[in-house]
file coords.cif (mmCIF, C-alpha atoms)
data_query
loop_
_atom_site.label_atom_id
_atom_site.label_comp_id
_atom_site.auth_asym_id
_atom_site.auth_seq_id
_atom_site.Cartn_x
_atom_site.Cartn_y
_atom_site.Cartn_z
CA MET A 506 43.92 -26.39 36.40
CA ILE A 507 41.17 -23.82 36.31
CA GLY A 508 37.65 -24.79 37.31
CA GLN A 509 34.48 -23.58 38.96
CA ILE A 510 33.04 -24.46 42.35
CA GLU A 511 29.84 -26.36 41.63
CA SER A 512 28.80 -26.92 45.24
CA TYR A 513 30.08 -26.04 48.69
CA ASP A 514 28.77 -27.03 52.13
CA PRO A 515 29.97 -24.62 54.84
CA ASP A 516 29.03 -27.08 57.61
CA THR A 517 31.37 -29.82 56.39
CA GLN A 518 33.70 -27.34 54.64
CA SER A 519 33.80 -29.52 51.57
CA GLY A 520 32.66 -29.20 48.00
CA VAL A 521 33.00 -30.09 44.35
CA ILE A 522 34.91 -28.32 41.59
CA ILE A 523 34.06 -28.87 37.90
CA SER A 524 36.82 -28.54 35.30
CA GLU A 525 36.86 -29.76 31.70
CA GLY A 526 33.89 -32.06 32.32
CA ALA A 527 35.49 -33.75 35.35
CA SER A 528 34.54 -33.41 39.04
CA PHE A 529 37.05 -32.89 41.83
CA THR A 530 36.23 -32.99 45.53
CA PHE A 531 37.93 -30.68 48.00
CA GLN A 532 38.20 -29.90 51.69
CA VAL A 533 38.82 -26.33 52.82
CA GLU A 534 41.08 -27.45 55.66
CA GLY A 535 44.62 -27.51 54.32
CA ASN A 536 43.68 -27.03 50.66
CA TRP A 537 42.06 -23.59 50.45
CA VAL A 538 44.61 -20.80 49.93
CA ALA A 539 42.40 -17.70 49.47
CA ASP A 540 41.57 -15.34 52.35
CA VAL A 541 37.81 -15.50 51.76
CA PRO A 542 35.72 -18.68 52.04
CA PRO A 543 34.62 -20.46 48.84
CA ASP A 544 31.25 -19.80 47.25
CA GLU A 545 29.34 -21.61 44.52
CA GLY A 546 30.21 -20.23 41.11
CA ASP A 547 33.69 -19.00 42.08
CA ASP A 548 36.38 -19.58 39.47
CA VAL A 549 39.37 -21.29 41.04
CA ASN A 550 42.87 -22.42 40.17
CA PHE A 551 43.86 -25.77 41.69
CA VAL A 552 46.16 -28.77 41.45
CA ALA A 553 44.36 -32.02 40.57
CA GLU A 554 45.52 -35.24 42.20
CA GLY A 555 43.21 -37.97 40.95
CA THR A 556 39.70 -36.79 41.79
CA VAL A 557 40.85 -34.53 44.64
CA ALA A 558 41.63 -30.82 44.28
CA ASN A 559 44.53 -29.39 46.29
CA ASN A 560 46.14 -25.95 46.62
CA ILE A 561 42.90 -24.17 45.64
CA ASN A 562 42.97 -20.41 45.10
CA LEU A 563 40.52 -17.96 43.61
CA VAL A 564 41.23 -16.92 40.03
CA GLY A 565 42.15 -13.26 40.14
CA ALA A 566 43.23 -13.34 43.80
CA TYR A 567 46.70 -12.34 42.62
CA LEU A 568 45.46 -9.24 40.81
CA GLU A 569 46.09 -5.76 42.16
CA PRO A 570 43.23 -4.07 44.00
CA PRO A 571 41.26 -1.64 41.83
CA LYS A 572 42.68 1.86 41.53
CA ALA A 573 40.67 4.96 42.34
CA VAL A 574 39.53 6.84 39.24
CA LYS A 575 36.82 9.23 40.43
CA TYR A 576 37.03 11.98 43.04
CA LYS A 577 35.04 11.85 46.27
CA TYR A 578 34.96 15.63 46.76
CA LEU A 579 33.84 16.25 43.18
CA ALA A 580 30.97 13.78 43.68
CA ALA A 581 30.09 15.44 47.01
CA GLY A 582 30.15 18.89 45.38
CA LEU A 583 27.90 17.67 42.59
CA ALA A 584 25.54 16.25 45.21
CA LEU A 585 25.40 19.59 47.03
CA ILE A 586 24.92 21.75 43.93
CA LEU A 587 23.13 19.49 41.43
CA GLY A 588 22.12 16.58 43.64
CA TRP A 589 18.45 17.06 42.91
CA SER A 590 19.20 16.00 39.31
CA GLY A 591 21.25 12.93 40.32
CA ALA A 592 24.42 14.45 38.79
CA HIS A 593 26.65 12.86 41.42
CA ARG A 594 25.15 9.43 40.71
CA PHE A 595 25.69 9.92 36.96
CA TYR A 596 29.31 10.87 37.72
CA LEU A 597 29.83 7.75 39.84
CA GLY A 598 28.25 5.50 37.18
CA PHE A 599 25.01 4.64 39.00
CA TYR A 600 22.90 5.53 35.97
CA ARG A 601 19.71 3.71 36.96
CA LEU A 602 19.65 5.34 40.40
CA ALA A 603 20.43 8.74 38.86
CA ILE A 604 17.50 8.46 36.45
CA ILE A 605 15.19 7.39 39.28
CA GLN A 606 16.38 10.37 41.33
CA LEU A 607 15.76 12.73 38.41
CA ILE A 608 12.27 11.34 37.78
CA LEU A 609 11.43 11.51 41.48
CA THR A 610 12.60 15.13 41.58
CA VAL A 611 10.31 16.02 38.67
CA VAL A 612 7.39 14.28 40.38
CA LEU A 613 8.11 16.07 43.67
CA TYR A 614 8.31 19.46 41.92
CA VAL A 615 5.00 18.83 40.13
CA THR A 616 3.32 17.86 43.40
CA GLY A 617 4.76 20.90 45.18
CA LEU A 618 7.23 19.08 47.44
CA PRO A 619 10.67 20.05 46.05
CA GLY A 620 12.21 20.07 49.53
CA PHE A 621 12.32 16.28 49.64
CA ALA A 622 14.46 16.14 46.49
CA MET A 623 16.85 18.68 48.01
CA LEU A 624 16.92 16.67 51.26
CA TRP A 625 17.91 13.49 49.41
CA ALA A 626 20.76 15.35 47.68
CA PHE A 627 21.92 16.93 50.95
CA VAL A 628 21.97 13.59 52.77
CA GLU A 629 23.93 11.96 49.96
CA SER A 630 26.46 14.80 49.96
CA ILE A 631 27.00 14.22 53.69
CA LEU A 632 27.40 10.48 53.03
CA LEU A 633 29.99 11.24 50.34
CA PHE A 634 31.92 13.70 52.53
CA GLY A 635 31.80 11.25 55.45
CA GLY A 636 33.00 8.30 53.38
CA GLN A 637 29.91 6.08 53.69
CA ILE A 638 29.54 6.25 49.90
CA ASN A 639 33.11 5.36 49.00
CA LYS A 640 32.99 3.39 45.73
CA ASP A 641 31.86 4.01 42.20
CA ALA A 642 29.53 1.72 40.25
CA LYS A 643 32.41 -0.58 39.24
CA GLY A 644 33.50 -1.06 42.85
CA ARG A 645 36.59 1.12 42.60
CA PRO A 646 37.41 3.29 45.62
CA LEU A 647 37.04 7.06 45.35
CA LYS A 648 40.08 9.35 45.48
#

call {"tool": "encode", "arguments": {"input": "coords.cif", "output": "structure tokens"}}
result
Amino acid sequence: MIGQIESYDPDTQSGVIISEGASFTFQVEGNWVADVPPDEGDDVNFVAEGTVANNINLVGAYLEPPKAVKYKYLAAGLALILGWSGAHRFYLGFYRLAIIQLILTVVLYVTGLPGFAMLWAFVESILLFGGQINKDAKGRPLK
């Protein structure tokens, strides 16, 4: 069956799964298959035995990890050359942050402090080259 974890208590390592209007209790010990601990709201696949859920696994745990689509060095180059405009953030899909960066750059240029916008871009290019920024906005790793 497929259900959703309604509640989970990490102290007792027990919880409740809701599926098709019915409630199923579970214990993590011996019944939880996934590598990560359960969390409220997780969608799970389980075997129902009465009102007890057994063999519980996260839905999607069998899926392949996301594949890299965007290039780290292209994003770093954009940050070095056009970082003041947020071009690297637009490229990576962080549109809100890119617009904030662009607006902040305009404000800093108007106030006579353009160096701070360049500093932000330089620091982010170093973070991209160093691998601290290593995912795009959809959580996919960078090539």

call {"tool": "residues_around", "arguments": {"input": "coords.cif", "residues": "A:Leu583", "least_positions_apart": "5", "cutoff": "8 Å", "atoms": "only C-alpha atoms", "output": "list in words"}}
result
Gly588, Ala592 and His593 of chain A

call {"tool": "atom_distance", "arguments": {"input": "coords.cif", "atom1": "atom CA of A:Ile631", "atom2": "atom CA of A:Ala580"}}
result
10.8 Å

call {"tool": "closest_residue", "arguments": {"input": "coords.cif", "among": "A:Gly636, A:Pro515, A:Gly508, A:Pro646", "to": "A:Asn562", "atoms": "all atoms listed in the file"}}
result
A:Gly508

call {"tool": "resolve_selection", "arguments": {"input": "coords.cif", "expression": "the PyMOL selection byres ((chain A and resi 512) around 6)", "output": "MDAnalysis selection string"}}
result
chainID A and resid 510:511 513 520:521 545

call {"tool": "closest_residue", "arguments": {"input": "coords.cif", "among": "A:Ala642, A:Leu563, A:Leu624, A:Val612", "to": "A:Phe595", "atoms": "all atoms listed in the file"}}
result
A:Ala642

call {"tool": "closest_residue", "arguments": {"input": "coords.cif", "among": "A:Glu534, A:Asp516, A:Asp547, A:Glu629", "to": "A:Arg594", "atoms": "all atoms listed in the file"}}
result
A:Glu629

call {"tool": "atom_distance", "arguments": {"input": "coords.cif", "atom1": "atom CA of A:Gln532", "atom2": "atom CA of A:Ser519"}}
result
4.4 Å

call {"tool": "closest_residue", "arguments": {"input": "coords.cif", "among": "A:Asp544, A:Val557, A:Leu633, A:Trp537", "to": "A:Ser524", "atoms": "only C-alpha atoms"}}
result
A:Val557

call {"tool": "resolve_selection", "arguments": {"input": "coords.cif", "expression": "the PyMOL selection byres ((chain A and resi 603) around 12)", "output": "PyMOL selection string"}}
result
chain A and resi 584+587-602+604-610+625-626+642

call {"tool": "closest_residue", "arguments": {"input": "coords.cif", "among": "A:Tyr578, A:Glu554, A:Thr616, A:Gln518", "to": "A:Ser630", "atoms": "all atoms listed in the file"}}
result
A:Tyr578

call {"tool": "closest_residue", "arguments": {"input": "coords.cif", "among": "A:Leu585, A:Leu613, A:Val533, A:Ala539", "to": "A:Gly565", "atoms": "all atoms listed in the file"}}
result
A:Ala539

call {"tool": "atom_distance", "arguments": {"input": "coords.cif", "atom1": "atom CA of A:Asp641", "atom2": "atom CA of A:Lys575"}}
result
7.4 Å

call {"tool": "resolve_selection", "arguments": {"input": "coords.cif", "expression": "the PyMOL selection byres ((chain A and resi 525) around 10)", "output": "PyMOL selection string"}}
result
chain A and resi 506-509+523-524+526-528
